[in-house]
$ cat my_file_32.pdb   # PDB, C-alpha atoms and all ligand atoms
ATOM      1  CA  MET A 239     -52.755  90.666  74.145
ATOM      2  CA  GLN A 240     -53.675  90.487  77.815
ATOM      3  CA  ILE A 241     -54.709  87.278  79.536
ATOM      4  CA  GLN A 242     -56.161  87.236  83.046
ATOM      5  CA  THR A 243     -55.077  84.087  84.867
ATOM      6  CA  GLU A 244     -57.225  82.676  87.668
ATOM      7  CA  LYS A 245     -54.969  80.334  89.666
ATOM      8  CA  ARG A 246     -51.371  80.164  90.867
ATOM      9  CA  THR A 247     -50.570  77.499  88.269
ATOM     10  CA  GLU A 248     -52.619  76.699  85.184
ATOM     11  CA  LEU A 249     -52.482  76.137  81.459
ATOM     12  CA  ILE A 250     -54.606  78.499  79.370
ATOM     13  CA  ASP A 251     -55.378  77.626  75.760
ATOM     14  CA  VAL A 252     -54.649  80.742  73.688
ATOM     15  CA  THR A 253     -54.903  79.115  70.250
ATOM     16  CA  SER A 254     -58.087  80.947  69.237
ATOM     17  CA  CYS A 255     -56.589  84.315  70.301
ATOM     18  CA  VAL A 256     -53.496  83.636  68.196
ATOM     19  CA  ARG A 257     -55.617  82.539  65.207
ATOM     20  CA  LYS A 258     -57.624  85.763  65.421
ATOM     21  CA  TYR A 259     -54.451  87.845  65.561
ATOM     22  CA  LEU A 260     -53.072  85.957  62.559
ATOM     23  CA  ALA A 261     -56.295  86.502  60.574
ATOM     24  CA  ASP A 262     -56.180  90.248  61.354
ATOM     25  CA  SER A 263     -52.560  90.407  60.149
ATOM     26  CA  ARG A 264     -53.655  89.222  56.651
ATOM     27  CA  ILE A 265     -50.316  87.422  56.300
ATOM     28  CA  GLU A 266     -50.700  84.243  54.251
ATOM     29  CA  ASN A 267     -47.300  82.586  54.424
ATOM     30  CA  GLY A 268     -44.514  83.023  56.942
ATOM     31  CA  ILE A 269     -43.984  82.387  60.615
ATOM     32  CA  CYS A 270     -45.870  83.237  63.782
ATOM     33  CA  VAL A 271     -43.976  83.722  67.043
ATOM     34  CA  ILE A 272     -45.885  83.635  70.322
ATOM     35  CA  SER A 273     -43.869  84.876  73.293
ATOM     36  CA  THR A 274     -44.247  85.912  76.900
ATOM     37  CA  LYS A 275     -42.360  88.751  78.594
ATOM     38  CA  HIS A 276     -42.807  87.282  82.076
ATOM     39  CA  THR A 277     -40.223  85.199  83.917
ATOM     40  CA  THR A 278     -42.818  83.007  85.617
ATOM     41  CA  THR A 279     -44.903  82.056  82.565
ATOM     42  CA  SER A 280     -44.180  79.970  79.478
ATOM     43  CA  ILE A 281     -45.599  79.368  76.035
ATOM     44  CA  MET A 282     -45.958  75.713  75.083
ATOM     45  CA  ILE A 283     -47.710  73.510  72.546
ATOM     46  CA  ASN A 284     -49.492  70.280  73.372
ATOM     47  CA  GLU A 285     -52.897  68.626  73.451
ATOM     48  CA  ASN A 286     -55.775  70.334  75.266
ATOM     49  CA  GLU A 287     -57.146  67.269  77.013
ATOM     50  CA  SER A 288     -58.069  67.824  80.657
ATOM     51  CA  GLY A 289     -56.309  64.686  81.944
ATOM     52  CA  LEU A 290     -53.137  65.525  80.066
ATOM     53  CA  VAL A 291     -53.238  69.141  81.257
ATOM     54  CA  SER A 292     -53.348  67.833  84.863
ATOM     55  CA  ASP A 293     -50.582  65.325  84.100
ATOM     56  CA  ILE A 294     -48.309  68.068  82.746
ATOM     57  CA  MET A 295     -48.846  70.247  85.808
ATOM     58  CA  GLN A 296     -48.277  67.273  88.137
ATOM     59  CA  LEU A 297     -45.049  66.404  86.312
ATOM     60  CA  LEU A 298     -43.795  69.963  86.784
ATOM     61  CA  GLU A 299     -44.754  69.869  90.495
ATOM     62  CA  LYS A 300     -42.774  66.636  90.898
ATOM     63  CA  LEU A 301     -39.755  68.022  89.060
ATOM     64  CA  VAL A 302     -39.839  71.414  90.778
ATOM     65  CA  PRO A 303     -41.653  71.276  94.112
ATOM     66  CA  ALA A 304     -42.342  74.632  95.748
ATOM     67  CA  HIS A 305     -40.059  75.916  98.517
ATOM     68  CA  ALA A 306     -37.429  73.190  98.178
ATOM     69  CA  GLY A 307     -34.597  75.347  99.458
ATOM     70  CA  TYR A 308     -34.122  77.544  96.382
ATOM     71  CA  LEU A 309     -31.932  80.619  96.781
ATOM     72  CA  HIS A 310     -34.396  82.852  94.916
ATOM     73  CA  ASP A 311     -37.078  82.125  97.532
ATOM     74  CA  ARG A 312     -35.123  84.434  99.844
ATOM     75  CA  ILE A 313     -36.014  87.347  97.539
ATOM     76  CA  ASP A 314     -39.634  86.839  96.519
ATOM     77  CA  ASN A 315     -40.568  83.267  97.396
ATOM     78  CA  ASN A 316     -41.442  82.117  93.873
ATOM     79  CA  ALA A 317     -38.352  80.257  92.693
ATOM     80  CA  ASP A 318     -40.386  77.208  91.653
ATOM     81  CA  ALA A 319     -42.365  79.386  89.229
ATOM     82  CA  HIS A 320     -39.190  80.688  87.569
ATOM     83  CA  LEU A 321     -37.704  77.181  87.353
ATOM     84  CA  LYS A 322     -40.853  75.701  85.778
ATOM     85  CA  ALA A 323     -40.915  78.569  83.280
ATOM     86  CA  THR A 324     -37.271  77.873  82.466
ATOM     87  CA  LEU A 325     -38.055  74.245  81.663
ATOM     88  CA  LEU A 326     -40.817  75.086  79.181
ATOM     89  CA  GLY A 327     -39.322  78.212  77.593
ATOM     90  CA  SER A 328     -40.753  81.601  76.746
ATOM     91  CA  SER A 329     -41.854  81.263  73.119
ATOM     92  CA  GLU A 330     -43.034  79.018  70.308
ATOM     93  CA  THR A 331     -42.651  79.540  66.564
ATOM     94  CA  ILE A 332     -45.251  78.094  64.196
ATOM     95  CA  PRO A 333     -45.197  78.128  60.394
ATOM     96  CA  VAL A 334     -48.030  79.991  58.651
ATOM     97  CA  VAL A 335     -49.252  78.387  55.425
ATOM     98  CA  ASN A 336     -52.147  79.766  53.389
ATOM     99  CA  GLY A 337     -53.212  81.966  56.277
ATOM    100  CA  GLU A 338     -53.374  79.095  58.779
ATOM    101  CA  LEU A 339     -51.147  78.069  61.662
ATOM    102  CA  LEU A 340     -49.407  74.827  60.722
ATOM    103  CA  LEU A 341     -50.512  72.964  63.846
ATOM    104  CA  GLY A 342     -51.377  69.282  64.069
ATOM    105  CA  THR A 343     -54.945  68.225  64.801
ATOM    106  CA  TRP A 344     -54.231  67.761  68.505
ATOM    107  CA  GLN A 345     -51.878  70.679  69.008
ATOM    108  CA  SER A 346     -52.956  73.733  70.985
ATOM    109  CA  ILE A 347     -50.952  76.741  72.122
ATOM    110  CA  PHE A 348     -50.910  77.353  75.866
ATOM    111  CA  LEU A 349     -49.873  80.137  78.167
ATOM    112  CA  ALA A 350     -48.490  78.336  81.226
ATOM    113  CA  GLU A 351     -48.992  80.332  84.419
ATOM    114  CA  PHE A 352     -46.758  79.437  87.359
ATOM    115  CA  ASP A 353     -47.212  82.411  89.709
ATOM    116  CA  GLY A 354     -50.742  83.664  89.271
ATOM    117  CA  PRO A 355     -53.329  84.835  89.399
ATOM    118  CA  ARG A 356     -52.174  87.899  87.489
ATOM    119  CA  THR A 357     -52.833  89.876  84.349
ATOM    120  CA  ARG A 358     -50.359  88.535  81.808
ATOM    121  CA  GLU A 359     -49.347  89.754  78.390
ATOM    122  CA  ILE A 360     -48.458  87.527  75.464
ATOM    123  CA  ASN A 361     -47.035  88.845  72.242
ATOM    124  CA  VAL A 362     -47.824  87.530  68.794
ATOM    125  CA  THR A 363     -45.483  88.483  65.950
ATOM    126  CA  VAL A 364     -46.253  87.378  62.397
ATOM    127  CA  ILE A 365     -43.627  87.711  59.681
ATOM    128  CA  GLY A 366     -44.337  86.931  56.041
ATOM    129  CA  LYS A 367     -46.494  88.109  53.194
TER     130      LYS A 367
HETATM  131 ZN    ZN A 401     -39.084  85.770  91.535
END
$ encode --input "my_file_32.pdb" --output "structure tokens"
Amino acid sequence: MQIQTEKRTELIDVTSCVRKYLADSRIENGICVISTKHTTTSIMINENESGLVSDIMQLLEKLVPAHAGYLHDRIDNNADAHLKATLLGSSETIPVVNGELLLGTWQSIFLAEFDGPRTREINVTVIGK
């Protein structure tokens, strides 16, 4: 599915999109893998609370400030985006039980954008029966 991001860095809650895809798959029990094909985005799970979302992005900025002498910046000037994506990873796997994602009450699935705005594609694969 395609997601249009709006900023250079942001977290976009894609939980409802994944739930819809899962419902359409009619799979009741198995696993759901959400992945990104891009090297400057990540898939992550955490709480969708606006303060926490800002805290997560600020933590990543502190850990990986932009233009801090990275070698990759000599090629396309977005090394920080790749490094942040490396820290969070490119996929999440969630159990599917009775047709529902086995997420905790406060867990949401996010696409993390680190080099937007762009049109991004996330892939949802459901295996089971
Ligand atoms: Zn690059």
$ residues_near_ligand --input "my_file_32.pdb" --ligand "ligand ZN 401 (chain A)" --cutoff "6 Å" --atoms "only C-alpha atoms and all ligand atoms" --output "list in words"
Asp314, Asn316 and Ala317 of chain A
$ residues_around --input "my_file_32.pdb" --residues "Ala350 in chain A" --least-positions-apart "5" --cutoff "10 Å" --atoms "only C-alpha atoms" --output "list in words"
Thr243, Thr247, Glu248, Leu249, Ile250, Asp251, Thr274, Thr278, Thr279, Ser280, Ile281, Met282, Ile283, Met295, Lys322, Ala323, Leu326, Gly327 and Ser328 of chain A
$ closest_residue --input "my_file_32.pdb" --among "A:Arg358, A:Val335, A:Glu351, A:Leu301" --to "Gln240 in chain A" --atoms "all atoms listed in the file"
A:Arg358
$ atom_distance --input "my_file_32.pdb" --atom1 "CA of Ile360 in chain A" --atom2 "CA of Pro333 in chain A"
18.1 Å
$ closest_residue --input "my_file_32.pdb" --among "A:His320, A:Arg264, A:His310, A:His276" --to "Lys367 in chain A" --atoms "all atoms listed in the file"
A:Arg264
$ atom_distance --input "my_file_32.pdb" --atom1 "CA of Ser346 in chain A" --atom2 "CA of Asn267 in chain A"
19.6 Å
$ atom_distance --input "my_file_32.pdb" --atom1 "CA of Gln242 in chain A" --atom2 "CA of Val256 in chain A"
15.5 Å
$ closest_residue --input "my_file_32.pdb" --among "A:Ile313, A:Leu298, A:Cys270, A:Ile365" --to "Leu341 in chain A" --atoms "all atoms listed in the file"
A:Cys270
$ closest_residue --input "my_file_32.pdb" --among "A:Val302, A:Ile265, A:Val252, A:Ile347" --to "Ile332 in chain A" --atoms "only C-alpha atoms"
A:Ile347
$ resolve_selection --input "my_file_32.pdb" --expression "the PyMOL selection byres (((chain A and resi 245) around 6) and not hetatm)" --output "short mmCIF file (atom, residue, chain, number, x, y, z; two decimals) with C-alpha atoms, keeping the file's coordinate frame"
data_model
loop_
_atom_site.label_atom_id
_atom_site.label_comp_id
_atom_site.auth_asym_id
_atom_site.auth_seq_id
_atom_site.Cartn_x
_atom_site.Cartn_y
_atom_site.Cartn_z
CA GLU A 244 -57.22 82.68 87.67
CA ARG A 246 -51.37 80.16 90.87
CA THR A 247 -50.57 77.50 88.27
CA GLY A 354 -50.74 83.66 89.27
CA PRO A 355 -53.33 84.84 89.40
#
$ closest_residue --input "my_file_32.pdb" --among "A:Val364, A:Ser254, A:Ile241, A:Glu285" --to "Val334 in chain A" --atoms "all atoms listed in the file"
A:Val364
$ resolve_selection --input "my_file_32.pdb" --expression "the PyMOL selection byres (((chain A and resi 286-290) around 8) and not hetatm)" --output "list in words"
Asp251, Asn284, Glu285, Val291, Ser292, Asp293, Ile294, Trp344, Gln345 and Ser346 of chain A
$ residues_around --input "my_file_32.pdb" --residues "range 271-273 of chain A" --least-positions-apart "5" --cutoff "6 Å" --atoms "all atoms listed in the file" --output "NGL selection string"
:A and (328-331 or 360-363)
$ residues_around --input "my_file_32.pdb" --residues "Asn315 in chain A" --least-positions-apart "5" --cutoff "10 Å" --atoms "only C-alpha atoms" --output "number ranges by chain"
A: 304-305, 308-310
$ closest_residue --input "my_file_32.pdb" --among "A:Met239, A:Lys258, A:Glu299, A:Thr253" --to "Phe348 in chain A" --atoms "all atoms listed in the file"
A:Thr253
$ decode --input "my_file_32.pdb" --residues "range 270-286 of chain A" --atoms "all heavy atoms" --output "CSV table (one decimal), in the first residue's frame"
chain,number,residue,atom,x,y,z
A,270,CYS,N,1.4,-11.8,10.6
A,270,CYS,CA,1.4,-10.6,9.7
A,270,CYS,C,2.7,-9.9,9.8
A,270,CYS,O,3.2,-9.6,10.8
A,270,CYS,CB,0.3,-9.7,10.2
A,270,CYS,SG,0.1,-8.2,9.2
A,271,VAL,N,3.3,-9.8,8.6
A,271,VAL,CA,4.6,-9.1,8.5
A,271,VAL,C,4.4,-7.8,7.8
A,271,VAL,O,3.8,-7.8,6.7
A,271,VAL,CB,5.6,-9.9,7.7
A,271,VAL,CG1,7.0,-9.2,7.6
A,271,VAL,CG2,5.8,-11.3,8.3
A,272,ILE,N,4.8,-6.7,8.4
A,272,ILE,CA,4.7,-5.4,7.8
A,272,ILE,C,6.1,-4.9,7.5
A,272,ILE,O,7.0,-4.9,8.4
A,272,ILE,CB,4.0,-4.3,8.7
A,272,ILE,CG1,2.7,-4.8,9.1
A,272,ILE,CG2,3.9,-3.0,8.0
A,272,ILE,CD1,2.7,-5.4,10.5
A,273,SER,N,6.4,-4.6,6.2
A,273,SER,CA,7.8,-4.3,5.8
A,273,SER,C,7.8,-3.1,4.9
A,273,SER,O,6.8,-2.7,4.3
A,273,SER,CB,8.5,-5.5,5.2
A,273,SER,OG,7.8,-5.8,4.0
A,274,THR,N,9.0,-2.4,4.9
A,274,THR,CA,9.2,-1.3,4.0
A,274,THR,C,10.4,-1.7,3.0
A,274,THR,O,11.3,-2.3,3.5
A,274,THR,CB,9.5,0.0,4.7
A,274,THR,OG1,10.0,1.0,3.8
A,274,THR,CG2,10.6,-0.2,5.8
A,275,LYS,N,10.3,-1.2,1.8
A,275,LYS,CA,11.3,-1.5,0.8
A,275,LYS,C,12.4,-0.4,0.7
A,275,LYS,O,13.3,-0.5,0.0
A,275,LYS,CB,10.7,-1.7,-0.6
A,275,LYS,CG,9.8,-2.9,-0.7
A,275,LYS,CD,9.6,-3.4,-2.1
A,275,LYS,CE,8.8,-2.3,-2.9
A,275,LYS,NZ,8.4,-2.8,-4.3
A,276,HIS,N,12.1,0.7,1.5
A,276,HIS,CA,13.0,1.8,1.4
A,276,HIS,C,14.1,1.8,2.4
A,276,HIS,O,13.9,1.3,3.5
A,276,HIS,CB,12.1,3.1,1.6
A,276,HIS,CG,10.9,3.1,0.7
A,276,HIS,ND1,11.0,3.3,-0.7
A,276,HIS,CD2,9.6,2.9,1.0
A,276,HIS,CE1,9.7,3.3,-1.2
A,276,HIS,NE2,8.9,3.0,-0.2
A,277,THR,N,15.2,2.4,2.1
A,277,THR,CA,16.4,2.4,3.0
A,277,THR,C,16.4,3.6,3.9
A,277,THR,O,17.3,3.7,4.7
A,277,THR,CB,17.7,2.4,2.2
A,277,THR,OG1,17.7,3.5,1.3
A,277,THR,CG2,17.8,1.0,1.4
A,278,THR,N,15.4,4.5,3.8
A,278,THR,CA,15.3,5.6,4.7
A,278,THR,C,14.0,5.7,5.4
A,278,THR,O,13.5,6.8,5.8
A,278,THR,CB,15.6,7.0,3.9
A,278,THR,OG1,14.8,7.1,2.8
A,278,THR,CG2,17.1,7.0,3.4
A,279,THR,N,13.3,4.6,5.5
A,279,THR,CA,12.1,4.4,6.3
A,279,THR,C,12.3,3.2,7.2
A,279,THR,O,13.1,2.3,6.9
A,279,THR,CB,10.8,4.3,5.5
A,279,THR,OG1,10.9,3.1,4.7
A,279,THR,CG2,10.6,5.5,4.6
A,280,SER,N,11.4,3.1,8.2
A,280,SER,CA,11.4,2.0,9.1
A,280,SER,C,9.9,1.6,9.4
A,280,SER,O,9.1,2.5,9.3
A,280,SER,CB,12.1,2.2,10.4
A,280,SER,OG,13.5,2.4,10.2
A,281,ILE,N,9.7,0.4,9.9
A,281,ILE,CA,8.5,0.0,10.5
A,281,ILE,C,8.8,-0.2,12.0
A,281,ILE,O,9.7,-0.9,12.3
A,281,ILE,CB,7.9,-1.3,9.9
A,281,ILE,CG1,7.7,-1.1,8.4
A,281,ILE,CG2,6.6,-1.7,10.6
A,281,ILE,CD1,6.6,-0.1,8.0
A,282,MET,N,7.9,0.4,12.8
A,282,MET,CA,8.1,0.2,14.3
A,282,MET,C,6.8,0.1,15.0
A,282,MET,O,5.8,0.5,14.5
A,282,MET,CB,9.0,1.3,14.9
A,282,MET,CG,8.4,2.7,14.6
A,282,MET,SD,9.1,4.0,15.7
A,282,MET,CE,8.0,3.8,17.1
A,283,ILE,N,6.8,-0.4,16.2
A,283,ILE,CA,5.6,-0.5,17.0
A,283,ILE,C,5.9,0.3,18.3
A,283,ILE,O,6.9,0.0,19.0
A,283,ILE,CB,5.3,-2.0,17.3
A,283,ILE,CG1,4.9,-2.7,16.1
A,283,ILE,CG2,4.2,-2.1,18.4
A,283,ILE,CD1,4.8,-4.2,16.2
A,284,ASN,N,4.9,1.2,18.7
A,284,ASN,CA,5.0,1.8,20.0
A,284,ASN,C,3.7,2.5,20.2
A,284,ASN,O,2.7,2.4,19.4
A,284,ASN,CB,6.2,2.7,20.1
A,284,ASN,CG,6.7,2.7,21.6
A,284,ASN,OD1,6.0,3.1,22.5
A,284,ASN,ND2,7.9,2.1,21.8
A,285,GLU,N,3.6,3.4,21.2
A,285,GLU,CA,2.4,4.0,21.5
A,285,GLU,C,2.2,5.3,20.7
A,285,GLU,O,3.1,6.1,20.6
A,285,GLU,CB,2.4,4.4,23.0
A,285,GLU,CG,1.1,5.0,23.5
A,285,GLU,CD,1.1,5.3,25.0
A,285,GLU,OE1,2.0,4.7,25.7
A,285,GLU,OE2,0.2,6.0,25.5
A,286,ASN,N,0.9,5.5,20.2
A,286,ASN,CA,0.6,6.7,19.4
A,286,ASN,C,0.1,7.8,20.4
A,286,ASN,O,-1.1,8.1,20.5
A,286,ASN,CB,-0.4,6.4,18.3
A,286,ASN,CG,-0.5,7.6,17.4
A,286,ASN,OD1,0.1,8.7,17.6
A,286,ASN,ND2,-1.4,7.5,16.4
